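All remarks here apply to the structure that follows.
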Amino acid sequence: MTSTDKATLGNQLNTHEISDSAIAMLDEQGTVVGWTPAAGRLVGYCAGDVVGRSAALVLPSSEEAPTISAFVEQCRAQNGWSGTTAVRHRDGRMFNVRLRISMLWGQDGTVRWLISVTDIGTLSREAMNGSVRESLLTRAPIGIVFRDSQLRCTWVNDTMESHDGISRDRRLGCRSADTVPGVEAEALEAVMRQVLQSGTTGVHEFRRWVPTSPRQEHIIAASFFCLQDADGQALGVCAISVDVTESSRARERLAILSEASTRLGSTLDVMQTSQELADLAVPLFADLAVVDLEHSVPFSEGPPVHIGPMGERLPVFRRAGLASIRQGVPESPWVRGEPVPIPPASPFTDVLRTGRSHLEPVLDTAAGTWIDQDPARAQKIHENGMHSLMVVPIRARRVLLGVAMFIRTKDPVPFQENDLLLAEELVSRAALSLDNARLYAREHAAALALQRNLLPHRLRGGTAVEAASRYLPADMDNGVGGDWFDVIPLSGARVALVVGDVVGHGINAAAAMGRLRTAVQMLADMDLPPDELLARLDEAIQRLAEEAVDAPGQPSAVVGATCLYAVYDPVTRRCTMAGAGHPPPAIIDPQGQVTFPDLPTGTPLGIGLGAPFQAVEMELPEGSLLALYTDGLIESRDHDIDVGMDRLATALARPDRSLEDLCTRAMETVPGEAPSDDVTLLLVRTRSLRPAQVASWTLPGDQTAVRSARHMAAFQLTEWGLEGLKDPTELIVSELVTNAVRHSTGPIGLRLIQHQVLTCEVFDTDVNHPRLRRARITDENGRGLFLVSQLSGRWGARSVSDGKVVWAEQDLALHRS
C-alpha cells in the first residue's frame, strides 16, 4: 500500500446486522478442515463430528454434483460456485440453503475451498430487515483472507487484491501490520483476536482508498469468523469483506431524502426554504451549496419565467440560500439577498435554456472557458480550490424558480452521476415547497395590497381629535388578517373611532374586512348610537353568512369579527363606546395615567347569539389619549394578555410625546420581528371646542320660534364674522324650525357650531326623521328640505334620547366675509 493510501476503522454495525452464516473450509479433495459454531447450529454437527470427514456428510449427491469430487472439479473449473442446494441435517431432514464456494490460494499454489451456507428462510427474513448478510456473503465480488492463530495470512482469494491493492505474494505469510498502516492494522488485529478468543462472529466497516479508483474513498464491510479444528480449538480467523460503497451511499441518500422531507418546507418563506436546501446539502454531499431564486419568486413581482430560450435578456437572480463547510462562506462573492449576475455562454445559461442539470466532475478552469468571462467567480474558484460542480434548475410546472449550485472544494472526490441524482431529487422536493411558498407569497402580496388599499389613507379627525395609526401585517406563515380601523367624521363636529378584526387570514379575510368597513361607514352616516350600530352590523354579518351558504363555491363570507366603536363629542367632551368581543381601549389622561375602562365585552359579531350590546359613556379631559388596537398588539404565544396590556400602558404613558412617536413606541412592544397576527393601532388625542364656538337657544314650540331663530342666528353669524352666510343660514334655520313646529310638541332647540364647517342643528321631540321628496308643480308644500339640501354641503338627522336632531353643514371657506 502506498503512502497515499488511507483507511479508517468505522464503528461496529448494529448487532442485528452481524452475520452468523455457516462457514466451513475444505481441502482440495473436499475434506472438511475447518468448522464454525454457526455451521454446527445450522446442520446439527459440531466441529469434532465433521472436521477430517468428507463434506458429503452434509452435502449429499445431486444432479448438479453427483459426488463431492465432481463438485470440487466443477468449482475448480469455474473458480467457485454459488446457488441454491439442499443440505442434510444431523436428524436426517433436508432443507434448502444458499450455498457459495470460493477458491482460496495458499503458498506454493495450494488450494482451499471456503463454503458459506445460509438458510434461505433466515436470509429472506433478514433481507426484509435490511441485514448486510446478503451483501457480505452472496453478492460478488467478495474478498476472503484466512489467518492462523498468530494472525498470519495462510489463505487468500484473488478478489482481495482489488480491495486493498496488496498482491497474493505480499500477503501470504504476513500479518496485517506488515502490509497495512499501523493504526488500521492495530484496530483490525484487535477485532480478530477478540473473535479468536470468544469464538463469536463480528462485523465491522471501514473506509479505504482502493487502487481501482484512487480518487474515491470506498467503504468496506468485513465479517470475521472463527474456524475450529477437530478438537474444537481455534484454528484461525476468516475475514470476508465486500465493497459496500454503492449500497452505503444508497442508504446515505435515503437518509438525506428522509431528512429532507422533515426539514424542507418548514415555512412558507421562500428565502428560508432556500436556506434549508443549502443547509441540507452541506456537508452531506457538498462543500458549498448556493441557491439563487429568480427575482419574481422572493418578491412576488412580475410574471413568472418559463424554461426555454432566454434571448438576450437573462432573468434576474437573487441569492437566497448559502451554506459552506468554511466559516463565513468565503467562497461566495455575493451574500443572501444580493442580486447575482448570470454570465452568458456558461453552464447556467444552458441550464436555464434546456431545463436540464449540468454535471462537471472536473471543473475546467483553463484559459478560454466561460470562467474567464466572470472575474468575480473566477477569483473565488481559484482561491478556494473548487474542482467539481453541479448546477440543477429549480422548476415547477415549467416555471423557473431558480438554480441550485453544488461545489466540492475540500472533498477530493469528484461529483458523479449518483450525486447528481441525489441533488436533483433534493431540488425537486425543495421546488415543491418553493412553488407553494411562491404561490402563497403572491396571494399574501395580493391580500396585503388589498388590505392596504381598503384601509384609510388619511385620517380625518376634524376639530374633534388628532389621529395617527399603525398597521403591521402578520408573518408569511400566518398571512394577512382582517384588521381595520377608521376615523369617521359625524355631524355636530363629532367623530367616530373604529377598530375591528375579522376572523381568519388571507385574501378572503381582507375582502371581508373591506365589506365590514363599508358597512360601518354606512351605519355611521345614519348617526346610530354605538350599541345600536353594533347590533345592525351583527345582523349584516349574519345575512352575509347566509348568502355564502346559498352560493357554494364562492369565497367565504365573514364568519366572525370583533369590533370597538366609539363616538367622541368635542362640544361636551363626552365619549360613548361599545364593544363586540374586542379588547378595551387604553385611555391616557394629560398627566400620563393609563386606564383600561371596564367596558362590557359583548359577543363577537356574526356569532348569532342575539345578546344585546351595551354602551358606556364617559367624560374625557381635553388632551386625553385614546388607543384603540387589535389583539395582535397585546397577545403573544409566550405571555398572557395582561403582560401585553402592561407593556402597552408603559409605552403610552408619555402623553407629552407626539402621536407618531407614541405609535412607534407602542409597536416596539410587539414581541418578535414577524408577528403571528396582524397588529393594528389607532391613537387619537382629544380636543374640545371653545364655548365661543358654540351658540344654543331654546325656542317655544309655536310660529314665533321661526322669526326668533332667524334673528338669533343672524346676530351670531355677525359676532363670528360670518356675514356672508347670513342669508343661506336664515333660510336653513327657517325651514328646519318650521318643520319642528309643525311635527313636534314641546320646546325646540337651536344650536350653531363653528368648527371646520358651520353646523346648524334643530332639536325637537318628534322621533320620525324627515325624508327628502320631490314636490310636484301643483304642491304648495314639500320643498323645504329640498331647499336645505341645495344650500348646505351635507344635511341629515339623528336620534337622541328624547327626540331627534336635524342638522345641516355649510362650508366656511366659501362664505367668510
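Chain lettering (A, B, ...) mirrors the order of the C-alpha cells, residue numbering begins at 1 for each chain separately, and ligand numbering begins at 1 in order of display.
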
List the neighbours of Asp501 in chain A out to 9 Å using only C-alpha atoms; skip same-chain residues closer than 4 positions along the sequence, and give me the result as JSON, numbers by chain.
{"A": [481, 482, 483, 484, 485, 513, 560, 561, 562, 563, 582, 630, 631, 678]}

Export all heavy atoms of the chosen residues as a compact mmCIF listing (two decimals), in the first residue's frame?
# COMPACT_ATOMS: atom_id res chain seq x y z
N GLY A 481 -54.27 39.32 7.91
CA GLY A 481 -55.55 39.14 8.56
C GLY A 481 -56.58 40.15 8.10
O GLY A 481 -56.44 40.78 7.05
N GLY A 482 -57.62 40.31 8.89
CA GLY A 482 -58.71 41.20 8.52
C GLY A 482 -58.86 42.37 9.48
O GLY A 482 -59.99 42.80 9.78
N ASP A 483 -57.75 42.91 9.95
CA ASP A 483 -57.83 44.07 10.85
C ASP A 483 -58.21 45.32 10.06
O ASP A 483 -57.82 45.48 8.91
CB ASP A 483 -56.48 44.30 11.53
CG ASP A 483 -56.18 43.24 12.59
OD1 ASP A 483 -56.89 42.22 12.61
OD2 ASP A 483 -55.23 43.42 13.36
N TRP A 484 -58.94 46.21 10.70
CA TRP A 484 -59.19 47.52 10.09
C TRP A 484 -59.42 48.56 11.18
O TRP A 484 -59.65 48.23 12.34
CB TRP A 484 -60.40 47.45 9.15
CG TRP A 484 -61.75 47.75 9.75
CD1 TRP A 484 -62.38 48.96 9.80
CD2 TRP A 484 -62.63 46.82 10.39
NE1 TRP A 484 -63.60 48.82 10.41
CE2 TRP A 484 -63.78 47.53 10.78
CE3 TRP A 484 -62.56 45.44 10.66
CZ2 TRP A 484 -64.85 46.93 11.43
CZ3 TRP A 484 -63.62 44.84 11.31
CH2 TRP A 484 -64.74 45.57 11.69
N PHE A 485 -59.28 49.81 10.78
CA PHE A 485 -59.53 50.93 11.68
C PHE A 485 -60.09 52.06 10.85
O PHE A 485 -59.97 52.08 9.62
CB PHE A 485 -58.25 51.35 12.41
CG PHE A 485 -57.14 51.78 11.48
CD1 PHE A 485 -57.00 53.11 11.10
CD2 PHE A 485 -56.25 50.85 10.97
CE1 PHE A 485 -55.99 53.51 10.24
CE2 PHE A 485 -55.23 51.24 10.10
CZ PHE A 485 -55.10 52.56 9.73
N MET A 513 -63.00 42.16 5.40
CA MET A 513 -62.75 43.39 6.14
C MET A 513 -63.26 44.60 5.37
O MET A 513 -63.86 45.52 5.94
CB MET A 513 -61.25 43.52 6.41
CG MET A 513 -60.85 44.81 7.11
SD MET A 513 -60.59 46.22 6.00
CE MET A 513 -59.12 45.71 5.18
N GLY A 560 -67.04 35.78 11.46
CA GLY A 560 -66.93 36.32 12.81
C GLY A 560 -65.97 37.49 12.82
O GLY A 560 -65.05 37.57 12.01
N ALA A 561 -66.22 38.42 13.72
CA ALA A 561 -65.36 39.59 13.82
C ALA A 561 -65.56 40.21 15.18
O ALA A 561 -66.60 40.05 15.83
CB ALA A 561 -65.68 40.61 12.72
N THR A 562 -64.53 40.91 15.64
CA THR A 562 -64.64 41.72 16.84
C THR A 562 -64.56 43.18 16.43
O THR A 562 -64.01 43.52 15.38
CB THR A 562 -63.52 41.40 17.84
OG1 THR A 562 -62.25 41.77 17.28
CG2 THR A 562 -63.51 39.91 18.18
N CYS A 563 -65.13 44.04 17.25
CA CYS A 563 -65.17 45.46 16.87
C CYS A 563 -65.33 46.32 18.12
O CYS A 563 -65.98 45.91 19.10
CB CYS A 563 -66.33 45.71 15.91
SG CYS A 563 -66.42 47.42 15.26
N HIS A 582 -64.19 42.69 21.71
CA HIS A 582 -62.92 43.33 21.41
C HIS A 582 -62.25 43.83 22.69
O HIS A 582 -62.93 44.18 23.66
CB HIS A 582 -63.15 44.51 20.47
CG HIS A 582 -61.95 44.89 19.66
ND1 HIS A 582 -61.60 44.24 18.50
CD2 HIS A 582 -60.99 45.82 19.87
CE1 HIS A 582 -60.50 44.78 18.02
NE2 HIS A 582 -60.10 45.73 18.84
N THR A 630 -55.96 46.11 18.01
CA THR A 630 -56.40 44.72 17.88
C THR A 630 -55.55 43.83 18.77
O THR A 630 -54.49 44.25 19.27
CB THR A 630 -56.30 44.24 16.42
OG1 THR A 630 -54.96 44.44 15.94
CG2 THR A 630 -57.27 45.02 15.53
N ASP A 631 -56.01 42.60 18.96
CA ASP A 631 -55.35 41.73 19.95
C ASP A 631 -53.92 41.37 19.57
O ASP A 631 -53.14 40.94 20.42
CB ASP A 631 -56.17 40.47 20.19
CG ASP A 631 -56.48 39.72 18.90
OD1 ASP A 631 -55.95 40.11 17.84
OD2 ASP A 631 -57.27 38.76 18.95
N ASP A 678 -52.06 40.02 12.71
CA ASP A 678 -51.99 41.43 12.35
C ASP A 678 -51.95 42.29 13.61
O ASP A 678 -52.57 41.96 14.63
CB ASP A 678 -53.19 41.84 11.51
CG ASP A 678 -53.07 41.33 10.08
OD1 ASP A 678 -52.20 40.48 9.84
OD2 ASP A 678 -53.84 41.78 9.22

Show me, as number ranges by chain, the residues that have an atom within 9 Å of Thr365 in chain A when counting only C-alpha atoms, minus same-chain residues fewer than 6 positions from it.
A: 371-372, 378, 381-382, 387

Excluding Leu699 in chain A and its own-chain neighbours fewer than 2 positions away, which residues fall within 12 Å of it when counting only C-alpha atoms? Please give them as a PDB file with C-alpha atoms, in the first residue's frame.
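Contents of the output file result.pdb:
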ATOM      1  CA  SER A 696     -77.509  77.393  21.529  1.00  0.00           C
ATOM      2  CA  TRP A 697     -81.057  78.547  22.294  1.00  0.00           C
ATOM      3  CA  GLY A 701     -92.984  75.288  20.011  1.00  0.00           C
ATOM      4  CA  ASP A 702     -95.084  77.827  18.056  1.00  0.00           C
ATOM      5  CA  GLN A 703     -94.786  80.035  14.971  1.00  0.00           C
ATOM      6  CA  THR A 704     -92.956  82.773  16.891  1.00  0.00           C
ATOM      7  CA  ALA A 705     -89.980  80.443  17.092  1.00  0.00           C
ATOM      8  CA  VAL A 706     -89.211  80.829  13.399  1.00  0.00           C
ATOM      9  CA  ARG A 707     -88.694  84.594  13.468  1.00  0.00           C
ATOM     10  CA  SER A 708     -86.734  84.439  16.722  1.00  0.00           C
ATOM     11  CA  ALA A 709     -84.488  81.696  15.349  1.00  0.00           C
ATOM     12  CA  ARG A 710     -83.686  83.702  12.232  1.00  0.00           C
ATOM     13  CA  MET A 712     -80.603  84.977  16.716  1.00  0.00           C
ATOM     14  CA  VAL A 737     -87.577  75.252  12.790  1.00  0.00           C
ATOM     15  CA  THR A 738     -90.801  75.379  10.740  1.00  0.00           C
ATOM     16  CA  ALA A 740     -90.075  71.177  14.073  1.00  0.00           C
ATOM     17  CA  VAL A 741     -93.037  73.382  14.983  1.00  0.00           C
ATOM     18  CA  THR A 745     -94.724  69.292  20.599  1.00  0.00           C
ATOM     19  CA  GLY A 746     -92.796  70.990  23.330  1.00  0.00           C
ATOM     20  CA  PRO A 747     -89.791  73.281  23.194  1.00  0.00           C
ATOM     21  CA  ILE A 748     -87.413  73.412  20.230  1.00  0.00           C
ATOM     22  CA  GLY A 749     -83.623  73.660  20.445  1.00  0.00           C
ATOM     23  CA  LEU A 750     -81.366  75.556  18.065  1.00  0.00           C
ATOM     24  CA  ARG A 751     -77.582  75.245  18.061  1.00  0.00           C
ATOM     25  CA  VAL A 762     -82.518  71.866  15.390  1.00  0.00           C
ATOM     26  CA  PHE A 763     -83.749  69.623  18.239  1.00  0.00           C
ATOM     27  CA  ASP A 764     -87.379  68.533  18.665  1.00  0.00           C
TER      28      ASP A 764
END

Between CA of Leu257 in chain A and CA of Ala221 in chain A, measure the distance and give it in Å to one decimal.
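Separation between CA of Leu257 in chain A and CA of Ala221 in chain A: 23.5 Å.
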
Report as a PyMOL selection string: the residues of range 293-511 of chain A with a DSSP assignment of helix (DSSP H, G or I), based on the backbone of this structure.
chain A and resi 296-299+347-354+370-373+375-384+417-454+491-493+507-511

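Comparing A:Pro283, A:Gly803, A:Pro728, A:Pro590 by their smallest distance to Ser789 in chain A, the closest is A:Pro728 (using only C-alpha atoms).
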
Close residues, Gly623 in chain A itself excluded, 9 Å, only C-alpha atoms, min 2 positions apart in chain, as a list in words
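Non-adjacent residues within range: Val465, Asp589, Pro590, Leu620, Pro621, Leu625, Pro655, Arg685, Thr686, Arg687 and Ser688 of chain A.
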
Those residues you just picked out, can you put them in a file as a PDB file, in the first residue's frame with N, CA and C atoms?
ATOM      1  N   VAL A 465     -60.458  65.405  17.081  1.00  0.00           N
ATOM      2  CA  VAL A 465     -59.311  64.632  17.522  1.00  0.00           C
ATOM      3  C   VAL A 465     -58.159  64.823  16.548  1.00  0.00           C
ATOM      4  N   ASP A 589     -54.772  59.993  30.503  1.00  0.00           N
ATOM      5  CA  ASP A 589     -55.137  61.388  30.783  1.00  0.00           C
ATOM      6  C   ASP A 589     -53.924  62.291  30.581  1.00  0.00           C
ATOM      7  N   PRO A 590     -54.105  63.605  30.605  1.00  0.00           N
ATOM      8  CA  PRO A 590     -52.983  64.529  30.348  1.00  0.00           C
ATOM      9  C   PRO A 590     -51.815  64.367  31.309  1.00  0.00           C
ATOM     10  N   LEU A 620     -64.079  62.968  29.009  1.00  0.00           N
ATOM     11  CA  LEU A 620     -62.627  62.938  28.886  1.00  0.00           C
ATOM     12  C   LEU A 620     -62.059  64.345  28.998  1.00  0.00           C
ATOM     13  N   PRO A 621     -60.998  64.513  29.793  1.00  0.00           N
ATOM     14  CA  PRO A 621     -60.340  65.833  29.821  1.00  0.00           C
ATOM     15  C   PRO A 621     -59.762  66.160  28.445  1.00  0.00           C
ATOM     16  N   LEU A 625     -55.623  60.867  25.602  1.00  0.00           N
ATOM     17  CA  LEU A 625     -55.260  59.939  24.519  1.00  0.00           C
ATOM     18  C   LEU A 625     -56.162  58.724  24.585  1.00  0.00           C
ATOM     19  N   PRO A 655     -47.899  61.238  27.488  1.00  0.00           N
ATOM     20  CA  PRO A 655     -48.814  61.990  26.611  1.00  0.00           C
ATOM     21  C   PRO A 655     -48.205  63.253  26.019  1.00  0.00           C
ATOM     22  N   ARG A 685     -55.714  61.934  20.002  1.00  0.00           N
ATOM     23  CA  ARG A 685     -55.653  62.908  21.104  1.00  0.00           C
ATOM     24  C   ARG A 685     -56.883  63.791  20.988  1.00  0.00           C
ATOM     25  N   THR A 686     -57.676  63.863  22.064  1.00  0.00           N
ATOM     26  CA  THR A 686     -58.949  64.569  22.002  1.00  0.00           C
ATOM     27  C   THR A 686     -58.750  66.080  22.087  1.00  0.00           C
ATOM     28  N   ARG A 687     -59.663  66.764  21.427  1.00  0.00           N
ATOM     29  CA  ARG A 687     -59.730  68.221  21.500  1.00  0.00           C
ATOM     30  C   ARG A 687     -61.128  68.609  21.978  1.00  0.00           C
ATOM     31  N   SER A 688     -61.295  69.866  22.312  1.00  0.00           N
ATOM     32  CA  SER A 688     -62.627  70.363  22.677  1.00  0.00           C
ATOM     33  C   SER A 688     -62.826  71.730  22.036  1.00  0.00           C
TER      34      SER A 688
END

When DSSP is applied to the backbone of this structure, which of range 304-515 of chain A are assigned strand (DSSP E)? Write them out as a ChimeraX atom specification.
/A:305-306,317-324,339-340,358-360,388-396,399-408,465-472,481-489,495-505

Can you pull out the residues contacting His755 in chain A? Cut-off 9 Å, using only C-alpha atoms, and skip same-chain residues under 4 positions away; I want them as number ranges by chain.
A: 462-463, 493, 689, 693-694, 759, 812

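Distances here use only C-alpha atoms; by that measure, the residue among A:Val487, A:Ala580, A:Val571, A:Leu352 closest to Pro530 in chain A is A:Ala580.
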
Long-range neighbours of Gln275 in chain A as a compact mmCIF listing (two decimals) with all heavy atoms, in the first residue's frame, 12 Å cut-off, only C-alpha atoms, 4 positions minimum in chain:
# COMPACT_ATOMS: atom_id res chain seq x y z
N ARG A 263 -37.15 18.55 6.90
CA ARG A 263 -36.53 19.87 7.04
C ARG A 263 -36.94 20.87 5.99
O ARG A 263 -37.02 22.07 6.25
CB ARG A 263 -35.00 19.72 7.03
CG ARG A 263 -34.45 19.07 8.28
CD ARG A 263 -32.95 18.88 8.18
NE ARG A 263 -32.22 20.10 7.90
CZ ARG A 263 -30.89 20.16 7.78
NH1 ARG A 263 -30.19 19.06 7.91
NH2 ARG A 263 -30.30 21.31 7.50
N LEU A 264 -37.22 20.37 4.78
CA LEU A 264 -37.58 21.29 3.70
C LEU A 264 -39.04 21.70 3.82
O LEU A 264 -39.91 20.88 4.10
CB LEU A 264 -37.34 20.64 2.33
CG LEU A 264 -35.88 20.49 1.90
CD1 LEU A 264 -35.80 19.76 0.58
CD2 LEU A 264 -35.19 21.84 1.81
N GLY A 265 -39.29 22.97 3.56
CA GLY A 265 -40.67 23.44 3.55
C GLY A 265 -41.27 23.62 4.93
O GLY A 265 -42.48 23.54 5.09
N SER A 266 -40.43 23.83 5.95
CA SER A 266 -40.95 24.06 7.29
C SER A 266 -41.62 25.41 7.42
O SER A 266 -42.27 25.69 8.42
CB SER A 266 -39.82 23.93 8.32
OG SER A 266 -38.82 24.92 8.10
N THR A 267 -41.44 26.27 6.42
CA THR A 267 -42.03 27.60 6.44
C THR A 267 -42.49 27.95 5.03
O THR A 267 -42.07 27.32 4.06
CB THR A 267 -41.00 28.64 6.94
OG1 THR A 267 -41.56 29.95 6.85
CG2 THR A 267 -39.74 28.59 6.09
N ASP A 269 -41.84 30.80 3.74
CA ASP A 269 -40.92 31.85 3.32
C ASP A 269 -39.96 31.26 2.30
O ASP A 269 -39.21 30.33 2.60
CB ASP A 269 -40.17 32.39 4.54
CG ASP A 269 -39.30 33.58 4.21
OD1 ASP A 269 -38.94 33.77 3.03
OD2 ASP A 269 -38.97 34.35 5.12
N VAL A 270 -39.95 31.80 1.08
CA VAL A 270 -39.10 31.23 0.02
C VAL A 270 -37.62 31.38 0.36
O VAL A 270 -36.81 30.51 0.02
CB VAL A 270 -39.42 31.88 -1.34
CG1 VAL A 270 -40.81 31.51 -1.81
CG2 VAL A 270 -39.26 33.39 -1.30
N MET A 271 -37.25 32.46 1.01
CA MET A 271 -35.84 32.65 1.38
C MET A 271 -35.42 31.61 2.42
O MET A 271 -34.33 31.04 2.34
CB MET A 271 -35.63 34.06 1.92
CG MET A 271 -35.91 35.17 0.92
SD MET A 271 -34.69 35.21 -0.43
CE MET A 271 -33.29 35.93 0.44
N ASP A 279 -28.49 24.28 3.54
CA ASP A 279 -28.00 23.69 4.79
C ASP A 279 -28.07 22.17 4.76
O ASP A 279 -27.25 21.48 5.38
CB ASP A 279 -28.84 24.21 5.97
CG ASP A 279 -28.58 25.68 6.26
OD1 ASP A 279 -27.50 26.18 5.87
OD2 ASP A 279 -29.45 26.34 6.85
N LEU A 280 -29.05 21.64 4.03
CA LEU A 280 -29.18 20.19 3.95
C LEU A 280 -28.07 19.57 3.12
O LEU A 280 -27.58 18.47 3.41
CB LEU A 280 -30.54 19.84 3.35
CG LEU A 280 -30.96 18.37 3.36
CD1 LEU A 280 -31.06 17.85 4.78
CD2 LEU A 280 -32.28 18.20 2.64
N ALA A 281 -27.65 20.26 2.07
CA ALA A 281 -26.63 19.71 1.16
C ALA A 281 -25.24 19.74 1.76
O ALA A 281 -24.38 18.92 1.41
CB ALA A 281 -26.64 20.48 -0.15
N VAL A 282 -24.98 20.69 2.68
CA VAL A 282 -23.65 20.85 3.27
C VAL A 282 -23.71 20.40 4.72
O VAL A 282 -24.56 20.87 5.49
CB VAL A 282 -23.19 22.31 3.19
CG1 VAL A 282 -21.86 22.51 3.90
CG2 VAL A 282 -23.10 22.76 1.73
N ALA A 289 -22.93 25.01 -1.10
CA ALA A 289 -24.23 24.96 -1.76
C ALA A 289 -24.78 26.37 -1.86
O ALA A 289 -24.74 27.14 -0.90
CB ALA A 289 -25.20 24.07 -1.00
N VAL A 290 -25.27 26.70 -3.05
CA VAL A 290 -25.79 28.03 -3.33
C VAL A 290 -27.16 27.89 -3.98
O VAL A 290 -27.35 27.05 -4.86
CB VAL A 290 -24.85 28.82 -4.26
CG1 VAL A 290 -25.50 30.10 -4.74
CG2 VAL A 290 -23.54 29.13 -3.55
N VAL A 291 -28.12 28.67 -3.53
CA VAL A 291 -29.46 28.69 -4.12
C VAL A 291 -29.78 30.11 -4.55
O VAL A 291 -29.77 31.03 -3.71
CB VAL A 291 -30.52 28.18 -3.13
CG1 VAL A 291 -31.91 28.21 -3.78
CG2 VAL A 291 -30.19 26.77 -2.67
N ASP A 292 -29.99 30.30 -5.84
CA ASP A 292 -30.34 31.61 -6.39
C ASP A 292 -31.76 31.53 -6.94
O ASP A 292 -32.08 30.65 -7.75
CB ASP A 292 -29.38 32.02 -7.52
CG ASP A 292 -27.96 32.24 -7.00
OD1 ASP A 292 -27.82 32.57 -5.81
OD2 ASP A 292 -27.01 32.06 -7.78
N LEU A 293 -32.62 32.44 -6.50
CA LEU A 293 -34.01 32.46 -6.94
C LEU A 293 -34.23 33.53 -8.00
O LEU A 293 -33.65 34.62 -7.93
CB LEU A 293 -34.95 32.72 -5.76
CG LEU A 293 -35.00 31.65 -4.67
CD1 LEU A 293 -36.01 32.05 -3.60
CD2 LEU A 293 -35.36 30.29 -5.25
N ARG A 319 -29.58 35.92 -4.57
CA ARG A 319 -29.05 34.85 -3.72
C ARG A 319 -29.97 34.65 -2.52
O ARG A 319 -30.24 35.58 -1.75
CB ARG A 319 -27.64 35.18 -3.27
CG ARG A 319 -26.95 34.07 -2.49
CD ARG A 319 -25.56 33.80 -3.03
NE ARG A 319 -25.56 33.32 -4.39
CZ ARG A 319 -24.46 33.09 -5.11
NH1 ARG A 319 -23.28 33.31 -4.56
NH2 ARG A 319 -24.53 32.66 -6.34
N ALA A 320 -30.47 33.42 -2.38
CA ALA A 320 -31.44 33.14 -1.33
C ALA A 320 -30.95 32.12 -0.32
O ALA A 320 -31.41 32.10 0.82
CB ALA A 320 -32.75 32.64 -1.96
N GLY A 321 -30.05 31.21 -0.74
CA GLY A 321 -29.53 30.20 0.18
C GLY A 321 -28.04 30.08 0.02
O GLY A 321 -27.51 30.12 -1.10
N LEU A 322 -27.34 29.89 1.13
CA LEU A 322 -25.87 29.89 1.08
C LEU A 322 -25.36 29.10 2.27
O LEU A 322 -25.66 29.41 3.42
CB LEU A 322 -25.36 31.34 1.12
CG LEU A 322 -23.90 31.61 0.76
CD1 LEU A 322 -23.60 31.13 -0.65
CD2 LEU A 322 -23.62 33.11 0.86
N ALA A 323 -24.58 28.03 1.99
CA ALA A 323 -24.01 27.22 3.07
C ALA A 323 -22.65 26.69 2.63
O ALA A 323 -22.44 26.39 1.46
CB ALA A 323 -24.94 26.06 3.43
N SER A 324 -21.74 26.60 3.57
CA SER A 324 -20.38 26.15 3.27
C SER A 324 -19.79 25.46 4.49
O SER A 324 -20.20 25.70 5.63
CB SER A 324 -19.49 27.34 2.86
OG SER A 324 -18.13 26.97 2.79
N VAL A 335 -23.71 37.84 -0.95
CA VAL A 335 -24.38 37.38 0.26
C VAL A 335 -25.87 37.21 -0.03
O VAL A 335 -26.36 37.61 -1.08
CB VAL A 335 -24.16 38.37 1.43
CG1 VAL A 335 -22.69 38.50 1.75
CG2 VAL A 335 -24.77 39.73 1.11
N ARG A 336 -26.57 36.64 0.92
CA ARG A 336 -28.01 36.42 0.75
C ARG A 336 -28.73 37.76 0.56
O ARG A 336 -28.46 38.73 1.25
CB ARG A 336 -28.60 35.69 1.95
CG ARG A 336 -28.14 34.27 2.11
CD ARG A 336 -28.86 33.62 3.27
NE ARG A 336 -30.27 33.42 2.98
CZ ARG A 336 -31.23 33.33 3.89
NH1 ARG A 336 -30.93 33.45 5.17
NH2 ARG A 336 -32.48 33.15 3.55
N GLY A 337 -29.62 37.76 -0.41
CA GLY A 337 -30.40 38.95 -0.70
C GLY A 337 -29.86 39.80 -1.81
O GLY A 337 -30.56 40.66 -2.34
N ALA A 404 -29.84 25.83 -8.32
CA ALA A 404 -29.06 25.41 -7.15
C ALA A 404 -27.70 24.93 -7.65
O ALA A 404 -27.62 24.19 -8.63
CB ALA A 404 -29.77 24.31 -6.38
N ALA A 430 -37.45 20.42 -2.85
CA ALA A 430 -37.44 21.83 -2.45
C ALA A 430 -38.29 22.66 -3.40
O ALA A 430 -38.93 23.64 -2.97
CB ALA A 430 -36.00 22.36 -2.43
N LEU A 434 -40.93 25.44 -2.55
CA LEU A 434 -40.74 26.81 -3.05
C LEU A 434 -41.91 27.27 -3.89
O LEU A 434 -42.33 28.43 -3.82
CB LEU A 434 -39.45 26.88 -3.86
CG LEU A 434 -38.15 26.89 -3.06
CD1 LEU A 434 -36.96 26.74 -4.00
CD2 LEU A 434 -38.02 28.18 -2.26

For a quick check of understanding, using only C-alpha atoms, which of A:Leu648, A:Leu359, A:Met618, A:Ile23 has the smallest distance to Cys226 in chain A?
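Distance minimum relative to Cys226 in chain A lands on A:Ile23.
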
Quick one: pull the distance between CA of Arg318 in chain A and CA of Pro361 in chain A, Å, one decimal.
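Straight-line distance from CA of Arg318 in chain A to CA of Pro361 in chain A works out to 25.7 Å.
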